[in-house]
Each structure stands twice: as structure tokens, then as C-alpha cells.
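With mmCIF, C-alpha atoms and all ligand atoms inside, this is model-v7.cif:
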```cif
data_start
loop_
_atom_site.label_atom_id
_atom_site.label_comp_id
_atom_site.auth_asym_id
_atom_site.auth_seq_id
_atom_site.Cartn_x
_atom_site.Cartn_y
_atom_site.Cartn_z
CA MET A 1 22.72 -10.42 -25.89
CA ARG A 2 22.84 -6.73 -24.82
CA THR A 3 21.98 -6.02 -21.17
CA MET A 4 18.70 -4.13 -20.96
CA LYS A 5 18.71 -0.91 -18.98
CA ALA A 6 15.98 0.61 -16.80
CA MET A 7 15.90 4.01 -15.13
CA ILE A 8 13.58 4.32 -12.17
CA VAL A 9 12.31 7.68 -11.01
CA GLY A 10 11.47 7.64 -7.30
CA GLY A 11 13.01 5.59 -4.51
CA GLY A 12 9.91 4.89 -2.42
CA LEU A 13 8.72 1.34 -1.77
CA GLY A 14 7.42 1.04 -5.36
CA GLY A 15 10.58 2.30 -7.08
CA ILE A 16 12.93 0.20 -4.98
CA ALA A 17 10.77 -2.91 -5.47
CA ALA A 18 10.85 -2.29 -9.23
CA ALA A 19 14.64 -2.01 -9.15
CA VAL A 20 14.98 -5.30 -7.27
CA ALA A 21 12.54 -7.04 -9.62
CA LEU A 22 14.24 -5.84 -12.80
CA ARG A 23 17.69 -6.78 -11.50
CA LYS A 24 16.32 -10.25 -10.75
CA ILE A 25 15.62 -10.73 -14.46
CA GLY A 26 19.12 -9.56 -15.37
CA TRP A 27 18.52 -5.90 -16.20
CA GLN A 28 20.82 -3.05 -15.29
CA VAL A 29 18.96 -0.53 -13.13
CA SER A 30 19.50 3.01 -11.84
CA VAL A 31 17.21 4.63 -9.29
CA PHE A 32 16.90 8.40 -9.06
CA GLU A 33 15.50 9.83 -5.84
CA ARG A 34 15.08 13.58 -5.39
CA ALA A 35 15.45 13.46 -1.60
CA SER A 36 18.93 13.62 -0.13
CA GLU A 37 18.65 10.08 1.22
CA PHE A 38 16.64 6.92 0.66
CA GLY A 39 14.23 5.98 3.38
CA GLU A 40 10.71 5.99 4.71
CA VAL A 41 9.58 7.96 7.71
CA GLY A 42 8.22 6.95 11.06
CA ALA A 43 5.16 4.73 10.76
CA GLY A 44 4.20 1.15 10.27
CA VAL A 45 2.67 -0.51 7.29
CA GLY A 46 0.51 -3.61 6.98
CA VAL A 47 1.90 -5.99 4.37
CA MET A 48 -0.91 -8.16 3.02
CA PRO A 49 -0.34 -11.77 1.93
CA ASN A 50 -0.47 -10.82 -1.75
CA ALA A 51 2.45 -8.43 -1.28
CA LEU A 52 4.30 -10.93 0.90
CA ARG A 53 4.19 -13.44 -1.94
CA ALA A 54 5.48 -10.75 -4.28
CA LEU A 55 8.28 -9.99 -1.79
CA ASP A 56 9.10 -13.72 -1.75
CA GLU A 57 9.50 -13.51 -5.51
CA LEU A 58 11.90 -10.58 -4.96
CA GLY A 59 13.89 -12.67 -2.48
CA VAL A 60 13.16 -10.50 0.58
CA GLY A 61 9.98 -12.12 1.95
CA ALA A 62 11.80 -14.10 4.67
CA GLU A 63 13.57 -10.99 5.93
CA VAL A 64 10.33 -9.01 5.99
CA ARG A 65 8.60 -11.77 8.00
CA LEU A 66 11.56 -11.76 10.38
CA LEU A 67 11.68 -7.98 10.82
CA GLY A 68 7.91 -7.67 10.91
CA THR A 69 5.22 -9.22 13.04
CA PRO A 70 2.72 -11.69 11.58
CA GLN A 71 -0.66 -10.86 13.09
CA GLY A 72 -2.85 -13.43 14.84
CA THR A 73 -6.51 -13.17 15.82
CA GLY A 74 -8.24 -9.83 15.57
CA GLY A 75 -11.37 -8.10 14.38
CA VAL A 76 -13.51 -5.00 14.18
CA ARG A 77 -14.79 -3.06 17.22
CA THR A 78 -17.21 -0.23 17.96
CA TRP A 79 -16.18 3.12 19.39
CA HIS A 80 -16.95 1.71 22.86
CA GLY A 81 -14.89 -1.41 22.28
CA ARG A 82 -17.54 -4.04 21.62
CA TRP A 83 -16.40 -6.62 19.07
CA LEU A 84 -18.46 -6.55 15.87
CA VAL A 85 -16.39 -9.09 13.95
CA ARG A 86 -13.95 -11.63 15.36
CA LEU A 87 -11.45 -13.09 12.92
CA PRO A 88 -9.48 -16.26 13.54
CA ASN A 89 -5.75 -16.65 13.14
CA THR A 90 -5.53 -16.97 9.39
CA GLY A 91 -2.29 -18.89 8.86
CA ASP A 92 -0.83 -18.02 5.48
CA GLN A 93 -3.38 -15.22 5.00
CA ARG A 94 -1.84 -13.26 7.87
CA VAL A 95 -0.92 -9.60 7.58
CA VAL A 96 2.63 -8.68 8.62
CA ALA A 97 3.03 -5.39 10.48
CA ILE A 98 6.39 -3.78 9.86
CA HIS A 99 7.97 -0.41 10.29
CA ARG A 100 8.12 1.29 6.89
CA ALA A 101 11.82 2.01 7.32
CA ASP A 102 12.50 -1.72 7.88
CA LEU A 103 10.54 -2.74 4.77
CA HIS A 104 12.34 -0.12 2.71
CA ARG A 105 15.73 -1.21 4.10
CA ALA A 106 14.99 -4.88 3.35
CA LEU A 107 14.31 -4.01 -0.29
CA LEU A 108 17.25 -1.61 -0.50
CA SER A 109 19.64 -4.26 0.81
CA ALA A 110 18.97 -6.29 -2.34
CA LEU A 111 20.50 -3.54 -4.50
CA PRO A 112 24.15 -2.60 -5.02
CA PRO A 113 24.81 0.98 -3.82
CA GLU A 114 26.18 2.06 -7.20
CA CYS A 115 22.73 1.91 -8.78
CA LEU A 116 21.22 4.31 -6.24
CA HIS A 117 21.31 8.08 -6.78
CA THR A 118 20.03 10.62 -4.26
CA SER A 119 19.41 14.36 -4.64
CA ALA A 120 18.57 13.43 -8.22
CA GLU A 121 15.33 15.00 -9.33
CA VAL A 122 14.13 13.92 -12.76
CA THR A 123 12.19 16.57 -14.64
CA ASP A 124 11.87 15.06 -18.11
CA VAL A 125 12.02 11.57 -19.52
CA ASP A 126 13.35 12.22 -23.03
CA SER A 127 16.89 12.76 -21.76
CA LEU A 128 16.99 9.42 -19.93
CA GLU A 129 19.02 6.89 -21.89
CA ALA A 130 17.27 3.66 -21.08
CA ASP A 131 15.20 0.89 -22.64
CA LEU A 132 12.58 1.41 -19.95
CA VAL A 133 11.70 4.30 -17.65
CA VAL A 134 9.72 3.44 -14.53
CA ALA A 135 7.86 6.42 -13.09
CA ALA A 136 7.49 5.57 -9.41
CA ASP A 137 7.39 9.19 -8.35
CA GLY A 138 4.35 9.02 -6.11
CA ILE A 139 0.84 10.45 -6.00
CA ASN A 140 1.90 13.86 -7.34
CA SER A 141 3.93 12.27 -10.13
CA GLY A 142 5.57 14.88 -12.35
CA ILE A 143 6.04 12.28 -15.09
CA ARG A 144 2.33 11.46 -15.08
CA ALA A 145 1.60 15.17 -15.48
CA LEU A 146 4.08 15.38 -18.38
CA LEU A 147 2.71 12.36 -20.25
CA TRP A 148 -0.98 12.70 -19.38
CA PRO A 149 -1.37 16.50 -19.13
CA ASN A 150 -5.16 16.25 -19.26
CA ALA A 151 -5.52 13.56 -16.60
CA PRO A 152 -7.41 14.81 -13.54
CA ALA A 153 -5.18 15.57 -10.55
CA PRO A 154 -5.51 13.65 -7.26
CA VAL A 155 -8.56 14.69 -5.25
CA SER A 156 -9.10 15.02 -1.52
CA ALA A 157 -11.05 12.21 0.13
CA GLY A 158 -12.16 14.68 2.84
CA VAL A 159 -10.38 12.60 5.47
CA THR A 160 -7.35 13.33 7.64
CA ALA A 161 -5.11 10.47 8.75
CA TRP A 162 -2.51 10.20 11.49
CA ARG A 163 0.06 7.44 11.95
CA GLY A 164 2.43 6.61 14.74
CA VAL A 165 4.29 3.99 16.74
CA THR A 166 4.10 3.98 20.54
CA ALA A 167 7.28 4.63 22.50
CA ARG A 168 6.37 2.00 25.12
CA THR A 169 5.03 -1.52 24.98
CA PHE A 170 1.41 -2.67 25.24
CA PRO A 171 1.56 -6.46 25.56
CA GLY A 172 -1.32 -8.70 24.54
CA LEU A 173 -3.04 -6.50 21.95
CA GLU A 174 -4.56 -7.93 18.78
CA ILE A 175 -4.80 -6.49 15.27
CA SER A 176 -8.04 -4.51 15.18
CA GLN A 177 -10.01 -1.78 13.55
CA THR A 178 -12.34 0.46 15.55
CA LEU A 179 -15.19 2.18 13.73
CA GLY A 180 -16.80 5.29 15.18
CA ARG A 181 -18.88 8.13 13.76
CA GLY A 182 -16.71 9.73 11.08
CA ARG A 183 -13.62 8.15 12.66
CA GLU A 184 -11.65 4.93 12.55
CA PHE A 185 -8.61 3.60 14.38
CA GLY A 186 -6.35 0.70 13.42
CA ILE A 187 -4.04 -1.22 15.78
CA LEU A 188 -1.12 -3.30 14.49
CA PRO A 189 0.96 -4.74 17.38
CA LEU A 190 4.69 -5.07 16.70
CA GLY A 191 6.72 -8.07 17.89
CA ASP A 192 8.60 -6.05 20.53
CA GLY A 193 5.31 -5.04 22.19
CA ARG A 194 5.16 -1.53 20.74
CA VAL A 195 2.09 -0.72 18.71
CA CYS A 196 1.86 0.82 15.33
CA TRP A 197 -1.43 2.63 14.86
CA TYR A 198 -3.39 4.43 12.20
CA ALA A 199 -6.20 6.91 12.86
CA ALA A 200 -8.51 8.70 10.46
CA ALA A 201 -11.39 11.14 10.74
CA VAL A 202 -13.47 13.14 8.31
CA THR A 203 -11.69 16.44 7.96
CA SER A 204 -14.57 18.55 9.38
CA ILE A 205 -14.21 16.67 12.71
CA THR A 206 -10.53 17.48 12.89
CA ALA A 207 -11.42 21.11 13.62
CA ALA A 208 -11.97 19.70 17.13
CA GLY A 209 -8.20 19.39 17.49
CA GLY A 210 -5.42 16.87 16.99
CA VAL A 211 -5.63 13.10 17.04
CA ARG A 212 -5.75 12.91 20.86
CA GLU A 213 -8.79 15.20 21.02
CA VAL A 214 -10.55 13.47 18.11
CA PHE A 215 -10.18 10.04 19.79
CA ASP A 216 -10.81 11.24 23.34
CA GLY A 217 -13.49 8.96 24.81
CA CYS A 218 -12.74 6.07 22.46
CA HIS A 219 -12.34 2.64 24.08
CA ASP A 220 -9.17 1.50 25.85
CA PRO A 221 -6.31 1.40 25.12
CA ILE A 222 -6.65 3.90 22.26
CA PRO A 223 -6.24 7.12 24.32
CA ASP A 224 -3.27 5.46 26.09
CA LEU A 225 -1.67 4.48 22.76
CA LEU A 226 -1.94 8.09 21.62
CA ALA A 227 -0.58 9.41 24.91
CA ALA A 228 2.36 6.99 24.59
CA THR A 229 3.31 8.31 21.14
CA PRO A 230 5.48 11.45 21.15
CA ALA A 231 3.47 14.19 19.44
CA GLU A 232 6.41 15.14 17.22
CA ALA A 233 6.58 11.56 15.87
CA VAL A 234 2.96 11.51 14.71
CA LEU A 235 2.54 11.80 10.94
CA ARG A 236 -0.50 13.69 9.72
CA HIS A 237 -1.78 13.63 6.12
CA ASP A 238 -4.90 14.69 4.32
CA ILE A 239 -5.93 11.69 2.24
CA HIS A 240 -5.93 12.11 -1.53
CA GLU A 241 -6.53 9.62 -4.30
CA LEU A 242 -6.47 9.41 -8.08
CA ALA A 243 -10.23 9.10 -8.30
CA THR A 244 -10.34 9.01 -12.10
CA PRO A 245 -8.42 5.98 -13.36
CA LEU A 246 -5.83 6.72 -16.03
CA PRO A 247 -6.56 5.47 -19.57
CA SER A 248 -3.24 3.60 -19.51
CA TYR A 249 -0.29 3.01 -17.18
CA VAL A 250 2.18 3.08 -20.07
CA SER A 251 3.30 5.53 -22.70
CA GLY A 252 6.11 4.69 -25.14
CA ARG A 253 8.93 3.21 -23.03
CA VAL A 254 7.56 4.68 -19.77
CA ALA A 255 5.61 2.66 -17.18
CA LEU A 256 3.84 4.31 -14.27
CA LEU A 257 4.05 2.29 -11.07
CA GLY A 258 2.64 2.51 -7.53
CA ASP A 259 0.93 5.71 -6.38
CA ALA A 260 2.00 7.45 -9.60
CA ALA A 261 -0.35 5.09 -11.45
CA HIS A 262 -3.13 4.37 -8.97
CA ALA A 263 -2.94 6.28 -5.68
CA MET A 264 -5.84 4.92 -3.64
CA THR A 265 -7.36 5.64 -0.25
CA PRO A 266 -5.63 3.61 2.48
CA TYR A 267 -8.70 1.88 3.95
CA LEU A 268 -7.80 -1.56 2.57
CA GLY A 269 -4.10 -1.21 3.40
CA GLN A 270 -3.22 -2.08 -0.20
CA GLY A 271 -1.44 1.01 -1.63
CA ALA A 272 2.15 -0.06 -1.08
CA CYS A 273 1.15 -3.71 -1.57
CA GLN A 274 -0.07 -2.86 -5.06
CA ALA A 275 3.14 -0.99 -5.83
CA ILE A 276 5.09 -4.15 -4.92
CA GLU A 277 2.77 -6.28 -7.07
CA ASP A 278 3.29 -3.81 -9.96
CA ALA A 279 7.05 -4.26 -9.65
CA VAL A 280 6.93 -8.06 -9.93
CA VAL A 281 4.42 -8.07 -12.79
CA LEU A 282 6.43 -5.46 -14.70
CA ALA A 283 9.64 -7.47 -14.42
CA ALA A 284 7.90 -10.74 -15.29
CA ALA A 285 6.43 -9.09 -18.40
CA CYS A 286 9.86 -7.77 -19.38
CA ALA A 287 11.33 -11.26 -18.92
CA SER A 288 8.70 -13.04 -20.93
CA GLU A 289 7.95 -10.70 -23.84
CA PRO A 290 10.31 -10.23 -26.79
CA GLY A 291 10.38 -6.42 -26.53
CA VAL A 292 9.65 -3.54 -24.14
CA LYS A 293 6.57 -2.44 -26.10
CA LEU A 294 4.90 -5.84 -25.74
CA ALA A 295 6.03 -6.13 -22.13
CA LEU A 296 4.46 -2.77 -21.26
CA ALA A 297 1.23 -3.68 -23.03
CA ARG A 298 1.12 -6.82 -20.94
CA TYR A 299 1.92 -4.92 -17.73
CA ASP A 300 -0.87 -2.46 -18.44
CA ALA A 301 -3.37 -5.23 -19.23
CA GLN A 302 -2.46 -7.09 -16.05
CA ARG A 303 -2.31 -4.20 -13.63
CA ARG A 304 -5.00 -1.70 -14.61
CA PRO A 305 -8.11 -3.85 -14.00
CA ARG A 306 -6.89 -5.17 -10.66
CA THR A 307 -5.70 -1.85 -9.23
CA LYS A 308 -8.88 -0.17 -10.49
CA ALA A 309 -11.02 -2.76 -8.67
CA ILE A 310 -8.99 -2.37 -5.48
CA SER A 311 -9.15 1.44 -5.60
CA ARG A 312 -12.92 1.22 -6.03
CA ALA A 313 -13.25 -1.24 -3.14
CA ALA A 314 -11.10 1.00 -0.92
CA ARG A 315 -13.38 3.94 -1.72
CA THR A 316 -16.46 1.88 -0.81
CA MET A 317 -14.75 0.82 2.40
CA GLY A 318 -14.33 4.52 3.23
CA THR A 319 -17.98 5.28 2.49
CA PHE A 320 -19.17 2.66 4.99
CA GLY A 321 -16.23 3.11 7.33
CA VAL A 322 -14.57 6.34 8.34
CA GLU A 323 -16.86 8.60 6.28
CA LEU A 324 -20.11 7.36 7.84
CA ARG A 325 -21.27 9.95 10.43
CA ASP A 326 -25.02 9.69 10.52
CA PRO A 327 -26.03 7.81 13.73
CA ILE A 328 -28.67 5.67 11.96
CA GLY A 329 -26.23 4.74 9.21
CA VAL A 330 -23.59 3.86 11.80
CA ALA A 331 -26.05 1.73 13.79
CA LEU A 332 -27.09 -0.11 10.61
CA ARG A 333 -23.50 -0.71 9.58
CA ASP A 334 -22.60 -2.02 13.00
CA ALA A 335 -25.65 -4.34 13.00
CA VAL A 336 -24.72 -5.73 9.58
CA LEU A 337 -21.14 -6.33 10.73
CA ARG A 338 -22.29 -7.97 13.97
CA PHE A 339 -24.40 -10.50 12.14
CA THR A 340 -21.92 -11.23 9.36
CA PRO A 341 -20.64 -14.80 9.75
CA PRO A 342 -16.84 -14.74 10.31
CA ARG A 343 -16.41 -16.94 7.24
CA LEU A 344 -18.02 -14.27 5.04
CA ALA A 345 -16.11 -11.46 6.76
CA MET A 346 -12.92 -13.42 6.14
CA ARG A 347 -13.77 -13.88 2.48
CA ALA A 348 -14.41 -10.13 2.09
CA MET A 349 -11.08 -9.36 3.74
CA THR A 350 -9.05 -11.81 1.69
CA ARG A 351 -10.77 -10.87 -1.57
CA PHE A 352 -7.66 -9.18 -2.90
CA SER A 353 -4.99 -10.87 -0.86
CA SER A 354 -5.19 -14.31 -2.50
CA TRP A 355 -3.36 -12.96 -5.56
CA LEU A 356 -0.39 -15.00 -6.76
CA PRO A 357 2.65 -13.34 -8.31
CA PRO A 358 4.17 -14.47 -11.59
CA ALA A 359 7.52 -16.23 -11.24
CA LEU A 360 10.52 -13.99 -11.79
CA ASN A 361 12.71 -16.07 -14.00
CA GLN A 362 15.32 -14.54 -16.22
CA ARG A 363 14.30 -14.65 -19.88
CA VAL A 364 11.42 -17.04 -19.44
CA THR A 365 9.28 -17.60 -22.48
CA GLY A 366 5.63 -16.72 -22.14
CA GLY A 367 2.85 -18.18 -20.06
CA ASN A 368 4.14 -17.43 -16.57
CA PHE A 369 1.12 -15.36 -15.59
CA PRO A 370 -1.53 -16.81 -13.31
CA ASP A 371 -5.18 -16.45 -14.27
CA PRO A 372 -6.60 -13.14 -13.13
CA PRO A 373 -8.29 -13.37 -9.73
CA ALA A 374 -11.96 -14.42 -9.86
CA VAL A 375 -13.05 -10.92 -8.91
CA LEU A 376 -11.75 -9.54 -12.19
CA LYS A 377 -13.13 -12.23 -14.49
C1 LIG A 401 -2.28 7.15 6.15
C2 LIG A 401 -1.81 6.11 5.17
C3 LIG A 401 -1.71 4.77 5.57
C4 LIG A 401 -1.29 3.80 4.66
N1 LIG A 401 -1.21 2.49 5.05
C5 LIG A 401 -0.85 1.53 4.16
C6 LIG A 401 -0.76 0.15 4.55
O1 LIG A 401 -1.00 -0.23 5.72
N2 LIG A 401 -0.42 -0.77 3.60
C7 LIG A 401 -0.13 -0.39 2.32
O2 LIG A 401 0.17 -1.26 1.49
N3 LIG A 401 -0.17 0.91 1.93
C8 LIG A 401 -0.52 1.88 2.81
N4 LIG A 401 -0.56 3.19 2.42
C9 LIG A 401 -0.23 3.55 1.03
C10 LIG A 401 1.28 3.62 0.78
O3 LIG A 401 1.87 4.48 1.72
C11 LIG A 401 1.57 4.12 -0.62
O4 LIG A 401 0.72 3.50 -1.56
C12 LIG A 401 3.02 3.78 -1.01
O5 LIG A 401 3.92 4.30 -0.07
C13 LIG A 401 3.33 4.35 -2.41
O6 LIG A 401 4.66 4.06 -2.73
P1 LIG A 401 5.30 4.69 -4.05
O7 LIG A 401 6.69 4.18 -4.09
O8 LIG A 401 4.41 4.45 -5.22
O9 LIG A 401 5.28 6.27 -3.83
P2 LIG A 401 6.04 7.15 -2.74
O10 LIG A 401 6.23 6.42 -1.47
O11 LIG A 401 5.30 8.46 -2.69
O12 LIG A 401 7.49 7.38 -3.36
C14 LIG A 401 7.71 8.28 -4.41
C15 LIG A 401 9.18 8.70 -4.35
O13 LIG A 401 9.49 9.42 -5.53
C16 LIG A 401 10.31 10.53 -5.17
N5 LIG A 401 10.13 11.51 -6.26
C17 LIG A 401 9.02 12.23 -6.55
N6 LIG A 401 9.22 12.97 -7.64
C18 LIG A 401 10.51 12.74 -8.05
C19 LIG A 401 11.30 13.21 -9.14
N7 LIG A 401 10.81 14.09 -10.04
N8 LIG A 401 12.57 12.75 -9.28
C20 LIG A 401 13.07 11.85 -8.39
N9 LIG A 401 12.36 11.37 -7.33
C21 LIG A 401 11.09 11.80 -7.17
C22 LIG A 401 9.77 10.98 -3.83
O14 LIG A 401 10.71 11.74 -3.11
C23 LIG A 401 9.48 9.63 -3.17
O15 LIG A 401 10.60 9.13 -2.47
C24 LIG A 401 -0.95 4.18 3.33
C25 LIG A 401 -1.02 5.52 2.93
C26 LIG A 401 -1.43 6.49 3.85
C27 LIG A 401 -1.50 7.94 3.40
#
```
Hey, can you dump this file as C-alpha cells for me?
Ligand SMILES: Cc1cc2nc3c(=O)[nH]c(=O)nc-3n(C[C@H](O)[C@H](O)[C@H](O)COP(=O)(O)OP(=O)(O)OC[C@H]3O[C@@H](n4cnc5c(N)ncnc54)[C@H](O)[C@@H]3O)c2cc1C
Amino acid sequence: MRTMKAMIVGGGLGGIAAAVALRKIGWQVSVFERASEFGEVGAGVGVMPNALRALDELGVGAEVRLLGTPQGTGGVRTWHGRWLVRLPNTGDQRVVAIHRADLHRALLSALPPECLHTSAEVTDVDSLEADLVVAADGINSGIRALLWPNAPAPVSAGVTAWRGVTARTFPGLEISQTLGRGREFGILPLGDGRVCWYAAAVTSITAAGGVREVFDGCHDPIPDLLAATPAEAVLRHDIHELATPLPSYVSGRVALLGDAAHAMTPYLGQGACQAIEDAVVLAAACASEPGVKLALARYDAQRRPRTKAISRAARTMGTFGVELRDPIGVALRDAVLRFTPPRLAMRAMTRFSSWLPPALNQRVTGGNFPDPPAVLK
């Protein structure tokens, strides 16, 4: 039988995960990345249990757990530091905090160097000689614009985010999220004692200055974490999302994957996790269907409803989280959170992370997809 060939546009977490997944089912892959080298820049990422299971399927889950830090107890706090929600250590539902560069490297190490091409910008898909083209070219995907010229462009969420990793250690911290008025702050302790953090504020507040000014007066140790992060190593982004879902993630032999297909706001920490899920589902569909057309139809049917639901939930999370500024609304939100039983809070948090990946067997025949999660039924 002829070896099937895939060309992957974009070497971010989604594109590299797709390459690993397709190689696992016996395909020949080439990845084209327009930057001069592969890599991810200076911040951490929370890998949710759903993505960890997908990484297990790709054969890199153990390495990611080793390089990353599984999180223990944690919860949600007010601006002044009072706990609103306390969450227990959740065993196999634990999030793993990892530096993006380490996650990217773990995936990259599963690929032979000869399939990786840098300084290789792809500007059209017709010239690519492949059975399958995977467009993993990010939120501003050029391929999406080519194939869906009328699709609305990403829109601003009106929120600015900063990310960083402290240069010194802060022992004894727990995973937590702090909710203020029009601001939020996330703490993900790393195994070596350094802390990877995420901060966000509605963009009108950011006129007050940089992240240190915006979080001045927030509870300890947040100002210290910011002071311990070199200013030049802080990443700042205005948050955008694809607010209008695409009518399809596939066109002919092209599949959109990751942010190219469903860029979402980061408030559920699921963007990269969904890109990794996409990769495993795409490869499983290619392994189990008799042709690329059927495989892509299956990929689209499996991925669009779930990623649409997660994008919507992330948006709602933003509405009641970082975007809430009105003092009465904030007080109400905090009261609701304070009286939410931990069991219910836990269920809300694990709503999307109980997903199970399909098995990645080479040339399996049909039926290797789990039922869709209850939330989508
Ligand atoms: C503040 C913030 C915090 C976040 N936190 C989390 C988190 O905790 N957990 C989580 O799961 N997700 C998180 N995310 C989301 C996550 O970062 C993204 O969803 C994920 O990185 C998308 O990966 P991707 O591979 O689809 O796209 P990208 O990472 O954007 O990769 C696209 C790649 O394609 C390349 N490219 C583009 N065009 C071309 C072309 N024409 N030819 C060749 N190459 C091209 C680009 O150079 C790039 O390398 C966060 C996002 C933000 C903004």
C-alpha cells in the first residue's frame, strides 16, 4: 500500500502535535514553519487532563509529566486574597504546568529532523503535493482566509494579557486564580519553585500602566511575583478570538487545526489543549476511514461541536471573570463562588477535561471513537 503524505503548515504546538499523530499512524509528514526556528517563547502553559491523555496517545505524556509540574490543591481568591473556592488535590484530573518551550520540545523530539522545514512560509495550498494539508497556521491563518474568504476575522475580546515566569523561587504556592474588578491573575507553580503566572485586565484599565501598576495593591505574593519577573521577559498580548464559528473545519483535502480553526479566549486554559486533541482525532480518523474525504468529514463532525462548546464556555468565563467591573456584579459573583460546594465547582472545572482520546492505531478499522462527552449530547 502507498504511504500517505501530509503537509503541515505551521510548527506551533498544534502543527507539531499533528505531525507526531500522523506519523504514529504510518503517514509521511512534512512541517513548514515560516519562522527561522521551531520553538515557543517564554511562558508557561497549563496542560489539562484531556490534553495529557491525548499526549499519552502521542507517546509523549510521560515526558510532559516529568518536565512539567502536576498541580495539587488550589482554588479561587478575591483581590484581597480571601479564598472563594478551595479545590482538593484531584489525582488524575490534575493540571500539569509546563514551560511552553519544554512542551514544544517534547513533541518535536518525536519527529525526525528531516521532516521539519523552517523559514518556509506557505502562501497557497494548491501547489502542495500531499494527500492531506493541515493548516495549523494560528489565529491569523492565511489558509483560512484563502479557503473561507468571507469568514469573519478574529475579534478583540477587549482584554490585555501578560504572561511570565519568575526568575526566583517562591516555595509553597498553590495553583490559584485571583478575581478582581476587571482583572484576573493566575498562578501555576513550577516544580523547581519558580512560578509561571498569567495576568489579564480589561484593556481600558491598562491605560493605568503595565502589569505591575495594574496589579499594584493585589494580595501577596502577586506584586512580588511581578517584581521577580524581568520586565523584558514579560509577554503582552491583546486577546482575540474567532467569535463566529466557521461553517466547517475542512475543505477538500485541507483540515484546519488549532487556533486556525477555533481560536478561543484563554480563560479556560484550553486553546493549546484543543489543538492537541484535534491532532489525535485527525490522525485517528485518517487511520480508520478508507479515504481522506471521509476522514476529514469525521474529523469535522467530531471536533466542531466540542470546540464550539468550549469556546462559548471560555467566553462566558470571561464575562463573569476578568470582564466583570461593576462592584455589585463582582460582589454577587464572589458570593455565588463562596457558597458553591467544592464538588459542584470541581464538576464545572472538569466539564471539558474528562474527554478521552481515540486510540492511535495504524490502519484500524472503524469504531475507535469514544461517545461524545455528555455536554455535547
Ligand atoms: C495569554 C494566553 C494564555 C494562554 N494559556 C493557555 C493555557 O494555559 N493552556 C492552553 O491550552 N492554551 C493556552 N493559550 C492558548 C494557546 O496559546 C493557543 O491556543 C495555542 O498556542 C495555539 O497553537 P497553534 O499551533 O494552533 O497556533 P500557533 O501557536 O499560533 O502556531 C502557528 C504557527 O504557524 C506559523 N505560521 C503562520 N502562518 C504560516 C505560514 N503561512 N506558513 C508557515 N508557517 C506559518 C507561525 O509562525 C506559528 O509558529 C493561551 C493563549 C494566550 C493568548
**OP:** Write out as a ChimeraX atom specification each polymer residue whose atoms come within 8 Å of A:Ala263, counting only C-alpha atoms; drop sequence neighbours fewer than 3 positions from it.
**Re:** /A:138-139,154,240-242,258-260,271,311
Original post:
Which protein, DNA or RNA residues have an atom within 6 Å of ligand LIG 401 (chain A), counting all atoms listed in the file, as a PyMOL selection string?
Top reply: chain A and resi 9-15+32-35+45-47+120-123+136-139+141-142+161+239+258-260+266+269-273+275
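At a cut-off of 6 Å from (-11.6, -12.4, 16.4), the residue set is Thr73, Gly74, Gly75, Arg86, Leu87 and Pro88 of chain A (counting all atoms listed in the file).
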**OP:** Would you be able to write out as JSON, numbers by chain which residues have an atom within 12 Å of (19.2, -2.2, -1.9) in the file's coordinates, counting all atoms listed in the file?
**Re:** {"A": [11, 12, 13, 15, 16, 17, 18, 19, 20, 21, 23, 29, 30, 31, 38, 39, 58, 59, 60, 102, 103, 104, 105, 106, 107, 108, 109, 110, 111, 112, 113, 114, 115, 116, 117]}
Subject >> Which residue of A:Gly186, A:Gly91, A:Pro247, A:Gly191 approaches A:Leu67 most closely, using all atoms listed in the file >> reply: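 Of the candidates, the smallest distance to A:Leu67 is held by A:Gly191.
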**OP:** Would you please work out which residue, of A:Pro327, A:Gly68, A:Gly210, A:Pro341, is nearest to A:Val234 when using only C-alpha atoms?
**Re:**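 Smallest separation from A:Val234 among the options: A:Gly210.
Each of A:Ala130, A:Cys196, A:Leu246, A:Asp334 was checked against A:Ala43 using all atoms listed in the file; the smallest atom-to-atom distance is that of A:Cys196.
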Original post:
Looking at all atoms listed in the file, which of A:Phe185, A:Gln71, A:Leu225, A:Arg338 is the one that sits closest to A:Asn89?
Top reply: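 Ranked by minimum distance to A:Asn89, first place goes to A:Gln71.
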**OP:** To one decimal in Å, tell me the separation between atom CA of A:Thr90 and atom CA of A:Ile276.
**Re:**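 Atom-to-atom, atom CA of A:Thr90 to atom CA of A:Ile276, that is 22.0 Å.
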**OP:** Work out how far atom CA of A:His237 is from atom CA of A:Thr160, in Å to one decimal.
**Re:**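 Computing it gives 5.8 Å between the two atoms.
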How close does stretch 105-169 of chain A get to stretch 317-321 of chain A? List, as a Markdown table, each residue of stretch 105-169 of chain A within 12 Å, its nearest atom pair and the distance in Å to one decimal, counting all atoms listed in the file.
```
| residue | atom | partner | partner_atom | distance |
| --- | --- | --- | --- | --- |
| A:Ala157 | CA | A:Gly318 | CA | 8.9 |
| A:Gly158 | CA | A:Gly318 | CA | 10.4 |
| A:Val159 | CA | A:Gly318 | CA | 9.3 |
```
Original post:
For A:Val281, which residue out of A:Leu356, A:Leu332, A:Ala261, A:Ile187 is the nearest one, using only C-alpha atoms?
Top reply: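 Closest candidate: A:Leu356.
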Subject >> Selected residue of minimal separation from A:Cys286 among A:Leu257, A:Met4, A:Leu66, A:Ala345, counting only C-alpha atoms >> reply: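 Ranked by minimum distance to A:Cys286, first place goes to A:Met4.
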Original post:
Which value, in Å to one decimal, gives the distance between atom CA of A:Leu147 and atom CA of A:Met264?
Top reply: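 Atom-to-atom, atom CA of A:Leu147 to atom CA of A:Met264, that is 20.1 Å.
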Axis-aligned box for all listed atoms of stretch 281-299 of chain A, 5 Å per side, centre and edges in Å to one decimal, as AutoDock Vina command-line options:
```
--center_x 6.2 --center_y -7.7 --center_z -19.8 --size_x 20.2 --size_y 20.6 --size_z 24.0
```
Original post:
Within 12 Å of A:Phe215, counting all atoms listed in the file, which residues qualify if same-chain residues fewer than 2 places away don't, as an MDAnalysis selection string?
Top reply: chainID A and resid 79:80 162 178:186 198:201 205:206 208:213 217:227
N, CA and C atoms for stretch 163-172 of chain A, written as a compact mmCIF listing (two decimals), keeping the file's coordinate frame, could you do that?
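Written file, part_14.txt:
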```
# COMPACT_ATOMS: atom_id res chain seq x y z
N ARG A 163 -0.61 8.73 11.74
CA ARG A 163 0.06 7.44 11.95
C ARG A 163 1.15 7.60 12.98
N GLY A 164 1.35 6.56 13.77
CA GLY A 164 2.43 6.61 14.74
C GLY A 164 2.79 5.24 15.28
N VAL A 165 3.85 5.21 16.05
CA VAL A 165 4.29 3.99 16.74
C VAL A 165 4.51 4.38 18.20
N THR A 166 3.97 3.61 19.14
CA THR A 166 4.10 3.98 20.54
C THR A 166 5.57 3.87 20.99
N ALA A 167 5.91 4.68 21.99
CA ALA A 167 7.28 4.63 22.50
C ALA A 167 7.41 3.56 23.58
N ARG A 168 6.27 3.08 24.13
CA ARG A 168 6.37 2.00 25.12
C ARG A 168 5.54 0.80 24.68
N THR A 169 5.67 -0.28 25.42
CA THR A 169 5.03 -1.52 24.98
C THR A 169 3.62 -1.65 25.56
N PHE A 170 2.78 -2.36 24.82
CA PHE A 170 1.41 -2.67 25.24
C PHE A 170 1.20 -4.16 24.97
N PRO A 171 1.62 -5.04 25.87
CA PRO A 171 1.56 -6.46 25.56
C PRO A 171 0.12 -6.95 25.42
N GLY A 172 -0.04 -7.99 24.61
CA GLY A 172 -1.32 -8.70 24.54
C GLY A 172 -2.37 -8.09 23.62
```
